[in-house]
Structure formats: structure tokens, C-alpha cells
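Dumped entry_18.pdb below, it's PDB, C-alpha atoms:
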ATOM      1  CA  ASP V  90       4.818 -22.579  -3.699  1.00  0.00           C
ATOM      2  CA  ALA V  91       7.251 -20.071  -2.230  1.00  0.00           C
ATOM      3  CA  GLY V  92       5.836 -17.113  -4.104  1.00  0.00           C
ATOM      4  CA  VAL V  93       7.967 -14.313  -5.513  1.00  0.00           C
ATOM      5  CA  ILE V  94      11.176 -13.938  -3.516  1.00  0.00           C
ATOM      6  CA  GLN V  95      12.987 -10.630  -3.168  1.00  0.00           C
ATOM      7  CA  SER V  96      16.256  -9.835  -1.473  1.00  0.00           C
ATOM      8  CA  PRO V  97      17.304  -7.996   0.495  1.00  0.00           C
ATOM      9  CA  ARG V  98      14.136  -6.979   2.345  1.00  0.00           C
ATOM     10  CA  HIS V  99      15.797  -3.804   3.594  1.00  0.00           C
ATOM     11  CA  GLU V 100      18.787  -1.921   2.235  1.00  0.00           C
ATOM     12  CA  VAL V 101      20.382   1.199   3.669  1.00  0.00           C
ATOM     13  CA  THR V 102      23.186   2.718   1.667  1.00  0.00           C
ATOM     14  CA  GLU V 103      24.999   5.991   1.210  1.00  0.00           C
ATOM     15  CA  MET V 104      24.568   8.268  -1.738  1.00  0.00           C
ATOM     16  CA  GLY V 105      26.842   7.294  -4.608  1.00  0.00           C
ATOM     17  CA  GLN V 106      26.967   3.606  -3.768  1.00  0.00           C
ATOM     18  CA  GLU V 107      25.805   0.860  -6.098  1.00  0.00           C
ATOM     19  CA  VAL V 108      22.657  -1.003  -5.080  1.00  0.00           C
ATOM     20  CA  THR V 109      21.504  -4.339  -6.472  1.00  0.00           C
ATOM     21  CA  LEU V 110      18.029  -5.699  -5.801  1.00  0.00           C
ATOM     22  CA  ARG V 111      17.240  -9.317  -6.584  1.00  0.00           C
ATOM     23  CA  CYS V 112      14.105 -11.193  -7.552  1.00  0.00           C
ATOM     24  CA  LYS V 113      13.195 -14.821  -8.057  1.00  0.00           C
ATOM     25  CA  PRO V 114       9.817 -15.178  -9.828  1.00  0.00           C
ATOM     26  CA  ILE V 115       7.366 -18.005  -9.306  1.00  0.00           C
ATOM     27  CA  SER V 116       8.448 -21.106 -11.185  1.00  0.00           C
ATOM     28  CA  GLY V 117       6.658 -21.367 -14.522  1.00  0.00           C
ATOM     29  CA  HIS V 118       5.905 -17.651 -14.746  1.00  0.00           C
ATOM     30  CA  ASN V 119       7.396 -16.060 -17.846  1.00  0.00           C
ATOM     31  CA  SER V 120       6.592 -12.387 -17.291  1.00  0.00           C
ATOM     32  CA  LEU V 121       8.417 -10.316 -14.685  1.00  0.00           C
ATOM     33  CA  PHE V 122       7.800  -6.754 -13.579  1.00  0.00           C
ATOM     34  CA  TRP V 123       9.743  -4.246 -11.464  1.00  0.00           C
ATOM     35  CA  TYR V 124       7.776  -1.518  -9.672  1.00  0.00           C
ATOM     36  CA  ARG V 125       8.710   1.357  -7.390  1.00  0.00           C
ATOM     37  CA  GLN V 126       6.344   2.673  -4.716  1.00  0.00           C
ATOM     38  CA  THR V 127       6.619   6.038  -2.967  1.00  0.00           C
ATOM     39  CA  MET V 128       4.164   8.210  -1.099  1.00  0.00           C
ATOM     40  CA  MET V 129       4.523  10.988  -3.640  1.00  0.00           C
ATOM     41  CA  ARG V 130       4.306   9.008  -6.876  1.00  0.00           C
ATOM     42  CA  GLY V 131       2.418   5.871  -5.876  1.00  0.00           C
ATOM     43  CA  LEU V 132       3.127   2.603  -7.700  1.00  0.00           C
ATOM     44  CA  GLU V 133       5.212   3.025 -10.852  1.00  0.00           C
ATOM     45  CA  LEU V 134       6.120   0.331 -13.380  1.00  0.00           C
ATOM     46  CA  LEU V 135       9.840   0.562 -14.105  1.00  0.00           C
ATOM     47  CA  ILE V 136      10.385  -2.289 -16.563  1.00  0.00           C
ATOM     48  CA  TYR V 137       8.946  -5.639 -17.543  1.00  0.00           C
ATOM     49  CA  PHE V 138      10.257  -8.768 -19.222  1.00  0.00           C
ATOM     50  CA  ASN V 139       8.578 -11.515 -21.231  1.00  0.00           C
ATOM     51  CA  ASN V 140      10.556 -14.742 -21.581  1.00  0.00           C
ATOM     52  CA  ASN V 141      13.642 -12.968 -20.162  1.00  0.00           C
ATOM     53  CA  VAL V 142      13.516 -10.232 -22.826  1.00  0.00           C
ATOM     54  CA  PRO V 143      12.925  -6.597 -21.749  1.00  0.00           C
ATOM     55  CA  ILE V 144       9.723  -5.427 -23.422  1.00  0.00           C
ATOM     56  CA  ASP V 145       9.128  -1.976 -22.013  1.00  0.00           C
ATOM     57  CA  ASP V 146      11.636   0.015 -19.983  1.00  0.00           C
ATOM     58  CA  SER V 147      10.003   3.393 -20.485  1.00  0.00           C
ATOM     59  CA  GLY V 148       9.424   3.676 -16.754  1.00  0.00           C
ATOM     60  CA  MET V 149      13.098   3.467 -15.834  1.00  0.00           C
ATOM     61  CA  PRO V 150      13.841   6.904 -14.399  1.00  0.00           C
ATOM     62  CA  GLU V 151      17.278   7.460 -15.903  1.00  0.00           C
ATOM     63  CA  ASP V 152      20.500   5.793 -16.948  1.00  0.00           C
ATOM     64  CA  ARG V 153      21.465   5.148 -13.368  1.00  0.00           C
ATOM     65  CA  PHE V 154      18.882   2.351 -13.341  1.00  0.00           C
ATOM     66  CA  SER V 155      19.400  -0.934 -15.153  1.00  0.00           C
ATOM     67  CA  ALA V 156      17.668  -4.315 -15.030  1.00  0.00           C
ATOM     68  CA  LYS V 157      18.628  -7.747 -16.254  1.00  0.00           C
ATOM     69  CA  MET V 158      17.024 -11.150 -16.463  1.00  0.00           C
ATOM     70  CA  PRO V 159      19.740 -13.665 -17.340  1.00  0.00           C
ATOM     71  CA  ASN V 160      17.398 -16.640 -16.954  1.00  0.00           C
ATOM     72  CA  ALA V 161      13.808 -17.512 -16.169  1.00  0.00           C
ATOM     73  CA  SER V 162      14.393 -17.732 -12.433  1.00  0.00           C
ATOM     74  CA  PHE V 163      16.359 -14.597 -11.639  1.00  0.00           C
ATOM     75  CA  SER V 164      16.304 -10.862 -12.218  1.00  0.00           C
ATOM     76  CA  THR V 165      18.230  -7.893 -10.855  1.00  0.00           C
ATOM     77  CA  LEU V 166      17.565  -4.180 -10.638  1.00  0.00           C
ATOM     78  CA  LYS V 167      20.696  -2.104 -10.238  1.00  0.00           C
ATOM     79  CA  ILE V 168      21.068   1.552  -9.288  1.00  0.00           C
ATOM     80  CA  GLN V 169      24.480   3.082  -9.861  1.00  0.00           C
ATOM     81  CA  PRO V 170      25.151   5.583  -8.410  1.00  0.00           C
ATOM     82  CA  SER V 171      22.322   5.760  -5.897  1.00  0.00           C
ATOM     83  CA  GLU V 172      20.770   9.066  -4.781  1.00  0.00           C
ATOM     84  CA  PRO V 173      18.509   9.964  -1.824  1.00  0.00           C
ATOM     85  CA  ARG V 174      15.528  10.408  -4.183  1.00  0.00           C
ATOM     86  CA  ASP V 175      15.791   6.706  -5.063  1.00  0.00           C
ATOM     87  CA  SER V 176      14.568   5.859  -1.562  1.00  0.00           C
ATOM     88  CA  ALA V 177      11.396   3.812  -2.028  1.00  0.00           C
ATOM     89  CA  VAL V 178       9.966   0.306  -1.799  1.00  0.00           C
ATOM     90  CA  TYR V 179      10.811  -1.728  -4.878  1.00  0.00           C
ATOM     91  CA  PHE V 180       8.496  -4.588  -5.801  1.00  0.00           C
ATOM     92  CA  CYS V 181       9.022  -7.460  -8.164  1.00  0.00           C
ATOM     93  CA  ALA V 182       5.989  -9.265  -9.601  1.00  0.00           C
ATOM     94  CA  SER V 183       5.569 -12.194 -11.949  1.00  0.00           C
ATOM     95  CA  SER V 184       2.771 -13.660 -14.043  1.00  0.00           C
ATOM     96  CA  VAL V 185       2.037 -16.314 -16.606  1.00  0.00           C
ATOM     97  CA  GLN V 186       2.052 -14.766 -20.047  1.00  0.00           C
ATOM     98  CA  GLY V 187      -1.430 -14.908 -21.469  1.00  0.00           C
ATOM     99  CA  ALA V 188      -3.048 -15.569 -18.096  1.00  0.00           C
ATOM    100  CA  TYR V 189      -5.023 -12.337 -18.241  1.00  0.00           C
ATOM    101  CA  TYR V 190      -2.213 -10.378 -16.652  1.00  0.00           C
ATOM    102  CA  GLU V 191      -2.862 -11.366 -13.028  1.00  0.00           C
ATOM    103  CA  GLN V 192       0.337 -10.532 -11.192  1.00  0.00           C
ATOM    104  CA  TYR V 193       1.872 -12.022  -8.077  1.00  0.00           C
ATOM    105  CA  PHE V 194       3.917  -9.586  -6.014  1.00  0.00           C
ATOM    106  CA  GLY V 195       6.917 -10.152  -3.828  1.00  0.00           C
ATOM    107  CA  PRO V 196       7.204  -8.622  -0.347  1.00  0.00           C
ATOM    108  CA  GLY V 197       9.309  -5.724  -1.604  1.00  0.00           C
ATOM    109  CA  THR V 198      12.718  -4.255  -0.819  1.00  0.00           C
ATOM    110  CA  ARG V 199      12.716  -1.079   1.229  1.00  0.00           C
ATOM    111  CA  LEU V 200      15.636   1.042   0.010  1.00  0.00           C
ATOM    112  CA  THR V 201      16.943   3.991   1.987  1.00  0.00           C
ATOM    113  CA  VAL V 202      19.689   6.112   0.472  1.00  0.00           C
ATOM    114  CA  THR V 203      21.272   8.570   2.907  1.00  0.00           C
TER
ATOM    115  CA  ALA T  17      -4.135   4.713 -23.839  1.00  0.00           C
ATOM    116  CA  GLN T  18      -5.357   3.104 -20.673  1.00  0.00           C
ATOM    117  CA  SER T  19      -5.801   5.030 -17.451  1.00  0.00           C
ATOM    118  CA  VAL T  20      -7.313   4.382 -14.050  1.00  0.00           C
ATOM    119  CA  THR T  21      -8.803   6.903 -11.637  1.00  0.00           C
ATOM    120  CA  GLN T  22      -9.540   6.063  -8.039  1.00  0.00           C
ATOM    121  CA  LEU T  23     -11.816   8.804  -6.879  1.00  0.00           C
ATOM    122  CA  ASP T  24     -11.064   8.666  -3.151  1.00  0.00           C
ATOM    123  CA  SER T  25      -7.586   8.719  -1.655  1.00  0.00           C
ATOM    124  CA  GLN T  26      -8.863   7.811   1.822  1.00  0.00           C
ATOM    125  CA  VAL T  27     -12.079   6.243   3.060  1.00  0.00           C
ATOM    126  CA  PRO T  28     -12.719   6.089   6.815  1.00  0.00           C
ATOM    127  CA  VAL T  29     -15.565   3.816   7.885  1.00  0.00           C
ATOM    128  CA  PHE T  30     -16.830   2.245  11.092  1.00  0.00           C
ATOM    129  CA  GLU T  31     -16.600  -1.488  11.679  1.00  0.00           C
ATOM    130  CA  GLU T  32     -19.578  -3.469  10.328  1.00  0.00           C
ATOM    131  CA  ALA T  33     -20.622  -0.618   8.042  1.00  0.00           C
ATOM    132  CA  PRO T  34     -20.790  -1.095   4.255  1.00  0.00           C
ATOM    133  CA  VAL T  35     -18.124   0.423   2.038  1.00  0.00           C
ATOM    134  CA  GLU T  36     -17.678   1.267  -1.635  1.00  0.00           C
ATOM    135  CA  LEU T  37     -14.316   2.157  -3.184  1.00  0.00           C
ATOM    136  CA  ARG T  38     -14.708   3.841  -6.543  1.00  0.00           C
ATOM    137  CA  CYS T  39     -12.719   3.184  -9.701  1.00  0.00           C
ATOM    138  CA  ASN T  40     -13.109   4.524 -13.221  1.00  0.00           C
ATOM    139  CA  TYR T  41     -11.013   3.533 -16.200  1.00  0.00           C
ATOM    140  CA  SER T  42     -10.489   4.575 -19.774  1.00  0.00           C
ATOM    141  CA  SER T  43      -9.651   2.253 -22.640  1.00  0.00           C
ATOM    142  CA  SER T  44     -10.634   2.011 -26.273  1.00  0.00           C
ATOM    143  CA  VAL T  45     -10.863  -1.773 -26.337  1.00  0.00           C
ATOM    144  CA  SER T  46     -12.089  -4.625 -24.183  1.00  0.00           C
ATOM    145  CA  VAL T  47     -10.406  -4.597 -20.805  1.00  0.00           C
ATOM    146  CA  TYR T  48      -9.437  -6.815 -17.958  1.00  0.00           C
ATOM    147  CA  LEU T  49     -10.003  -5.217 -14.551  1.00  0.00           C
ATOM    148  CA  PHE T  50      -8.509  -6.006 -11.175  1.00  0.00           C
ATOM    149  CA  TRP T  51      -8.596  -4.981  -7.545  1.00  0.00           C
ATOM    150  CA  TYR T  52      -5.490  -5.603  -5.461  1.00  0.00           C
ATOM    151  CA  VAL T  53      -5.068  -5.127  -1.703  1.00  0.00           C
ATOM    152  CA  GLN T  54      -1.882  -4.122   0.098  1.00  0.00           C
ATOM    153  CA  TYR T  55      -1.633  -4.666   3.840  1.00  0.00           C
ATOM    154  CA  PRO T  56       1.005  -2.675   5.764  1.00  0.00           C
ATOM    155  CA  ASN T  57       4.572  -3.669   4.901  1.00  0.00           C
ATOM    156  CA  GLN T  58       3.469  -6.251   2.369  1.00  0.00           C
ATOM    157  CA  GLY T  59       3.255  -6.607  -1.391  1.00  0.00           C
ATOM    158  CA  LEU T  60       0.031  -6.364  -3.343  1.00  0.00           C
ATOM    159  CA  GLN T  61      -2.231  -9.393  -3.606  1.00  0.00           C
ATOM    160  CA  LEU T  62      -5.133 -10.004  -5.945  1.00  0.00           C
ATOM    161  CA  LEU T  63      -8.578  -9.435  -4.439  1.00  0.00           C
ATOM    162  CA  LEU T  64     -10.682 -10.112  -7.531  1.00  0.00           C
ATOM    163  CA  LYS T  65     -10.673  -9.765 -11.296  1.00  0.00           C
ATOM    164  CA  TYR T  66     -13.062  -9.230 -14.192  1.00  0.00           C
ATOM    165  CA  LEU T  67     -12.160 -10.895 -17.471  1.00  0.00           C
ATOM    166  CA  SER T  68     -15.517 -11.432 -19.187  1.00  0.00           C
ATOM    167  CA  GLY T  69     -18.996 -12.773 -18.531  1.00  0.00           C
ATOM    168  CA  SER T  70     -20.971 -11.818 -15.448  1.00  0.00           C
ATOM    169  CA  THR T  71     -20.493  -8.203 -14.519  1.00  0.00           C
ATOM    170  CA  LEU T  72     -20.648  -8.963 -10.787  1.00  0.00           C
ATOM    171  CA  VAL T  73     -17.403 -10.452  -9.588  1.00  0.00           C
ATOM    172  CA  LYS T  74     -16.851 -11.950  -6.157  1.00  0.00           C
ATOM    173  CA  GLY T  75     -13.451 -12.038  -4.541  1.00  0.00           C
ATOM    174  CA  ILE T  76     -11.744 -13.006  -1.328  1.00  0.00           C
ATOM    175  CA  ASN T  77     -12.662 -11.737   2.141  1.00  0.00           C
ATOM    176  CA  GLY T  78     -16.273 -10.960   1.182  1.00  0.00           C
ATOM    177  CA  PHE T  79     -15.458  -8.270  -1.387  1.00  0.00           C
ATOM    178  CA  GLU T  80     -17.238  -7.928  -4.703  1.00  0.00           C
ATOM    179  CA  ALA T  81     -17.057  -5.543  -7.652  1.00  0.00           C
ATOM    180  CA  GLU T  82     -19.353  -4.659 -10.509  1.00  0.00           C
ATOM    181  CA  PHE T  83     -18.182  -3.944 -14.030  1.00  0.00           C
ATOM    182  CA  ASN T  84     -20.221  -1.195 -15.675  1.00  0.00           C
ATOM    183  CA  LYS T  85     -19.187  -0.745 -19.276  1.00  0.00           C
ATOM    184  CA  SER T  86     -21.402   2.255 -19.996  1.00  0.00           C
ATOM    185  CA  GLN T  87     -20.006   4.143 -17.022  1.00  0.00           C
ATOM    186  CA  THR T  88     -16.498   2.681 -17.423  1.00  0.00           C
ATOM    187  CA  SER T  89     -16.473   1.862 -13.732  1.00  0.00           C
ATOM    188  CA  PHE T  90     -15.410  -1.047 -11.564  1.00  0.00           C
ATOM    189  CA  HIS T  91     -16.374  -0.124  -8.002  1.00  0.00           C
ATOM    190  CA  LEU T  92     -15.415  -2.378  -5.088  1.00  0.00           C
ATOM    191  CA  ARG T  93     -17.926  -3.101  -2.328  1.00  0.00           C
ATOM    192  CA  LYS T  94     -18.228  -4.953   0.943  1.00  0.00           C
ATOM    193  CA  PRO T  95     -21.488  -5.077   2.926  1.00  0.00           C
ATOM    194  CA  SER T  96     -19.831  -5.178   6.356  1.00  0.00           C
ATOM    195  CA  VAL T  97     -16.183  -4.326   6.980  1.00  0.00           C
ATOM    196  CA  HIS T  98     -13.856  -5.557   9.711  1.00  0.00           C
ATOM    197  CA  ILE T  99     -10.917  -3.893  11.386  1.00  0.00           C
ATOM    198  CA  SER T 100      -8.690  -6.323   9.485  1.00  0.00           C
ATOM    199  CA  ASP T 101      -9.826  -4.816   6.173  1.00  0.00           C
ATOM    200  CA  THR T 102      -7.759  -1.711   6.920  1.00  0.00           C
ATOM    201  CA  ALA T 103      -5.353  -1.587   3.977  1.00  0.00           C
ATOM    202  CA  GLU T 104      -4.652   0.161   0.688  1.00  0.00           C
ATOM    203  CA  TYR T 105      -6.706  -0.931  -2.297  1.00  0.00           C
ATOM    204  CA  PHE T 106      -5.573  -0.564  -5.899  1.00  0.00           C
ATOM    205  CA  CYS T 107      -7.715  -0.736  -9.011  1.00  0.00           C
ATOM    206  CA  ALA T 108      -5.899  -1.850 -12.168  1.00  0.00           C
ATOM    207  CA  VAL T 109      -6.613  -2.284 -15.887  1.00  0.00           C
ATOM    208  CA  SER T 110      -5.002  -4.204 -18.730  1.00  0.00           C
ATOM    209  CA  ASP T 111      -5.920  -4.557 -22.375  1.00  0.00           C
ATOM    210  CA  ARG T 112      -4.508  -6.088 -25.516  1.00  0.00           C
ATOM    211  CA  THR T 113      -3.086  -2.837 -26.790  1.00  0.00           C
ATOM    212  CA  GLY T 114      -0.968  -2.471 -23.674  1.00  0.00           C
ATOM    213  CA  GLY T 115       0.729  -5.802 -24.156  1.00  0.00           C
ATOM    214  CA  PHE T 116       1.169  -7.331 -20.755  1.00  0.00           C
ATOM    215  CA  LYS T 117       1.320  -3.988 -19.038  1.00  0.00           C
ATOM    216  CA  THR T 118      -1.074  -3.348 -16.167  1.00  0.00           C
ATOM    217  CA  ILE T 119      -1.914   0.226 -15.210  1.00  0.00           C
ATOM    218  CA  PHE T 120      -2.569   0.776 -11.502  1.00  0.00           C
ATOM    219  CA  GLY T 121      -4.606   3.524  -9.910  1.00  0.00           C
ATOM    220  CA  ALA T 122      -3.195   5.756  -7.182  1.00  0.00           C
ATOM    221  CA  GLY T 123      -4.768   3.651  -4.452  1.00  0.00           C
ATOM    222  CA  THR T 124      -7.456   4.182  -1.821  1.00  0.00           C
ATOM    223  CA  ARG T 125      -6.588   3.834   1.825  1.00  0.00           C
ATOM    224  CA  LEU T 126      -9.445   2.158   3.704  1.00  0.00           C
ATOM    225  CA  PHE T 127      -9.383   2.839   7.421  1.00  0.00           C
ATOM    226  CA  VAL T 128     -11.833   0.851   9.514  1.00  0.00           C
ATOM    227  CA  LYS T 129     -12.580   2.303  12.927  1.00  0.00           C
ATOM    228  CA  ALA T 130     -13.922   0.428  15.959  1.00  0.00           C
TER
END
If you convert what's in this file into C-alpha cells, what do you get?
Amino acid sequence: DAGVIQSPRHEVTEMGQEVTLRCKPISGHNSLFWYRQTMMRGLELLIYFNNNVPIDDSGMPEDRFSAKMPNASFSTLKIQPSEPRDSAVYFCASSVQGAYYEQYFGPGTRLTVT
Amino acid sequence: AQSVTQLDSQVPVFEEAPVELRCNYSSSVSVYLFWYVQYPNQGLQLLLKYLSGSTLVKGINGFEAEFNKSQTSFHLRKPSVHISDTAEYFCAVSDRTGGFKTIFGAGTRLFVKA
């Protein structure tokens, strides 16, 4: 099993540019989560999907952030336009719905906005 | 609403000494409890979980945790730590009312010294 796959692993971009982070969950998992981790704020849940449907996006910081899950094997998190305060490590995690919420995390994407 | 409090942000300890990382939670219903570990530059991985049954839960790498309902605690312990245990440890809670949302604590950085 390849685990949760995220790309890119590192992204450096300039303020104002669009950034797209990608995630492939573990096959057979039907819940997907996007988190952001910073020193100041710790680990924050941004949004999660069940069966490709967004269930709770209350953690999305503002309209500049959007997430999609067009099918069971792919999700994107987009920031447009990006700002320096978006610099963080973004994690994707997946789980089997009903499997007591144990989550499997990807390696993360380290985003730096200059 | 659920919440998780990790009482120590950093715990320094000498190699081969015992360690306890403290976690308290709040929830109005039955909960599922987790400890995750994050090694440098990696995603989180599950260390152990409590779903029901025995209050003493054993996990990977010699760690164990005890669920105490009356004190709403789920402290993590290891009788003898190794240098390789240096990492950040996250306590997390889920319950039915939160859907499939897991709430993570702020994390405790365990630093094992030679």
C-alpha cells in the first residue's frame, strides 16, 4: 500500500500567485481531510470530505482557499491569491468512514510564500 | 463540544528514563481517543487508540496509555525511552456528535537526551 500521496512535497511561490496542492488518498478510504500546521497555530483542520462530498469547511481561513474532490482518488486544495501568512505545512489524511476515525496522514506539502 | 488539552508543550527526559505525556479531554458523550506521533519532516502516524473495553491500551514502540473516564484523561507512558523517541506527540479525540471530525491537541515535544 502506497499510503496517502501528496504533491508537491515543497512549493515556493510569490505572493499573489495561485497554488494548488494535490492529494491521493489510500484506496478504499472514503473520508479525506486537509490540515494546516504552523508553529503558531499548531494543527488545524481546514476541510473534510465523506464520499467526495464536503462535510465541514468551517476551518477554511477565507475565500482565497478552496478544495475539491472530483472522485474518490483525488483531491486538491487551492489558494488564490497566495499570501505570506499562508506559509505552512499542509497535510492530507484519509480514513475509512466508520472505522473509528483513525486517520492516515500523507507526508505533507511545505508551502513557502515570499 | 469536544476539546483536548495537552498539559506540557515540551518534555525533556534522559535516555532510558520513564516518561508520561499528559492529555485531558472534554466531551459530553462516549469518545474515541488517540495518540499520534510526528517525527521531524514527516506526517502524523497512529501510536495507539482507545475505542472501548480495557482502559489500558498498548501501542507501537513500547508506548501505552490509560483511559480514565472520571478524570477525563488519556495519558501516554513509556517505561524507558530511546533517543529515537524524540518527536512530537499529539493527543486526539472523536465522538459521534462531531461526525468524523477529530480534534487534535496542541502537541507535546518529547526530547530525549543521551
With 9 Å as the cut-off and only C-alpha atoms counted, what is the closest atom pair between each nearby residue of chain T and chain V? Distances in Å to one decimal, ordered by chain and number, as CSV.
residue,atom,partner,partner_atom,distance
T:Tyr48,CA,V:Tyr189,CA,7.1
T:Phe50,CA,V:Glu191,CA,8.0
T:Asn57,CA,V:Pro196,CA,7.7
T:Gln58,CA,V:Pro196,CA,5.2
T:Gly59,CA,V:Pro196,CA,4.6
T:Leu60,CA,V:Phe194,CA,5.7
T:Gln61,CA,V:Phe194,CA,6.6
T:Leu62,CA,V:Glu191,CA,7.6
T:Lys65,CA,V:Glu191,CA,8.2
T:Leu67,CA,V:Tyr189,CA,7.3
T:Ser110,CA,V:Tyr190,CA,7.1
T:Asp111,CA,V:Tyr189,CA,8.9
T:Phe116,CA,V:Tyr190,CA,6.1
T:Lys117,CA,V:Tyr190,CA,7.7
T:Thr118,CA,V:Tyr190,CA,7.1
T:Ile119,CA,V:Leu134,CA,8.2
T:Phe120,CA,V:Leu132,CA,7.1
T:Gly121,CA,V:Leu132,CA,8.1
T:Ala122,CA,V:Gly131,CA,5.8
T:Gly123,CA,V:Gly131,CA,7.7
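Of note, atom CA of Gly78 of chain T and atom CA of Asp24 of chain T are spaced 20.8 Å apart.
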Looking at all atoms listed in the file, which of T:Phe127, T:Pro95, T:Lys74, T:Lys85 is the one that sits closest to Glu36 of chain T?
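Checking each of T:Phe127, T:Pro95, T:Lys74, T:Lys85 against Glu36 of chain T, counting all atoms listed in the file, the winner is T:Pro95.
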Taking the file as shown, find all residues satisfying the PyMOL selection byres ((chain V and resi 173) around 9) and write them as a CSV table (one decimal) with C-alpha atoms, in the coordinates of the input.
chain,number,residue,atom,x,y,z
V,103,GLU,CA,25.0,6.0,1.2
V,104,MET,CA,24.6,8.3,-1.7
V,171,SER,CA,22.3,5.8,-5.9
V,172,GLU,CA,20.8,9.1,-4.8
V,174,ARG,CA,15.5,10.4,-4.2
V,175,ASP,CA,15.8,6.7,-5.1
V,176,SER,CA,14.6,5.9,-1.6
V,201,THR,CA,16.9,4.0,2.0
V,202,VAL,CA,19.7,6.1,0.5
V,203,THR,CA,21.3,8.6,2.9
Which residues, written as a list in words, have at least one atom at most 12 Å from Ala130 of chain T, with all atoms listed in the file counted and residues fewer than 6 positions away on the same chain left out?
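Near neighbours after the sequence-gap exclusion: Pro28, Val29, Phe30, Glu31, Glu32, Ala33, Val97, His98, Ile99, Ser100, Asp101 and Thr102 of chain T.
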Long-range neighbours of Ala161 of chain V as a PDB file with C-alpha atoms, in the coordinates of the input, 10 Å cut-off, all atoms listed in the file, 2 positions minimum in chain:
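Resulting contents of part.pdb:
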ATOM      1  CA  LYS V 113      13.195 -14.821  -8.057  1.00  0.00           C
ATOM      2  CA  PRO V 114       9.817 -15.178  -9.828  1.00  0.00           C
ATOM      3  CA  ILE V 115       7.366 -18.005  -9.306  1.00  0.00           C
ATOM      4  CA  SER V 116       8.448 -21.106 -11.185  1.00  0.00           C
ATOM      5  CA  GLY V 117       6.658 -21.367 -14.522  1.00  0.00           C
ATOM      6  CA  HIS V 118       5.905 -17.651 -14.746  1.00  0.00           C
ATOM      7  CA  ASN V 119       7.396 -16.060 -17.846  1.00  0.00           C
ATOM      8  CA  SER V 120       6.592 -12.387 -17.291  1.00  0.00           C
ATOM      9  CA  LEU V 121       8.417 -10.316 -14.685  1.00  0.00           C
ATOM     10  CA  PHE V 138      10.257  -8.768 -19.222  1.00  0.00           C
ATOM     11  CA  ASN V 139       8.578 -11.515 -21.231  1.00  0.00           C
ATOM     12  CA  ASN V 140      10.556 -14.742 -21.581  1.00  0.00           C
ATOM     13  CA  ASN V 141      13.642 -12.968 -20.162  1.00  0.00           C
ATOM     14  CA  VAL V 142      13.516 -10.232 -22.826  1.00  0.00           C
ATOM     15  CA  MET V 158      17.024 -11.150 -16.463  1.00  0.00           C
ATOM     16  CA  PRO V 159      19.740 -13.665 -17.340  1.00  0.00           C
ATOM     17  CA  PHE V 163      16.359 -14.597 -11.639  1.00  0.00           C
ATOM     18  CA  SER V 164      16.304 -10.862 -12.218  1.00  0.00           C
TER      19      SER V 164
END
Surrounding residues of Tyr66 of chain T excluding itself and chain neighbours under 5 positions, 9 Å, all atoms listed in the file, as a count of residues only:
11
With distances taken over all atoms listed in the file, which of T:Ser25, T:Ser68, T:Ser96, T:Ser86 is nearest to Tyr41 of chain T?
T:Ser86
Atom pair atom CA of Thr88 of chain T + atom CA of Val20 of chain T, distance 9.9 Å
Quick check on the file I pasted: which residues fall under the PyMOL selection byres ((chain V and resi 108) around 9)? Write them as a tab-separated table (two decimals) with C-alpha atoms, in the frame of the given file.
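Below you can see selection_35.tsv, which holds the result:
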chain	number	residue	atom	x	y	z
V	100	GLU	CA	18.79	-1.92	2.24
V	102	THR	CA	23.19	2.72	1.67
V	106	GLN	CA	26.97	3.61	-3.77
V	107	GLU	CA	25.80	0.86	-6.10
V	109	THR	CA	21.50	-4.34	-6.47
V	110	LEU	CA	18.03	-5.70	-5.80
V	166	LEU	CA	17.57	-4.18	-10.64
V	167	LYS	CA	20.70	-2.10	-10.24
V	168	ILE	CA	21.07	1.55	-9.29
V	169	GLN	CA	24.48	3.08	-9.86
V	170	PRO	CA	25.15	5.58	-8.41
V	171	SER	CA	22.32	5.76	-5.90
V	200	LEU	CA	15.64	1.04	0.01
Report, in Å to a single decimal, how far apart atom CA of Leu23 of chain T and atom CA of His91 of chain T are.
10.1 Å
Could you tell me, as a PyMOL selection string, exactly which residues end up selected when the PyMOL selection byres ((chain V and resi 96) around 8) is applied to this structure?
chain V and resi 94-95+97-99+110-112+198
Smallest atom-to-atom distance to Leu92 of chain T: which of T:Asn77, T:Ser42, T:Val109, T:Trp51, using all atoms listed in the file?
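Closest to Leu92 of chain T of all the choices is T:Trp51.
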Between T:Val27, T:Thr124, T:Gln18, T:Lys129, which has the minimum distance to Glu104 of chain T (counting only C-alpha atoms)?
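Closest candidate: T:Thr124.
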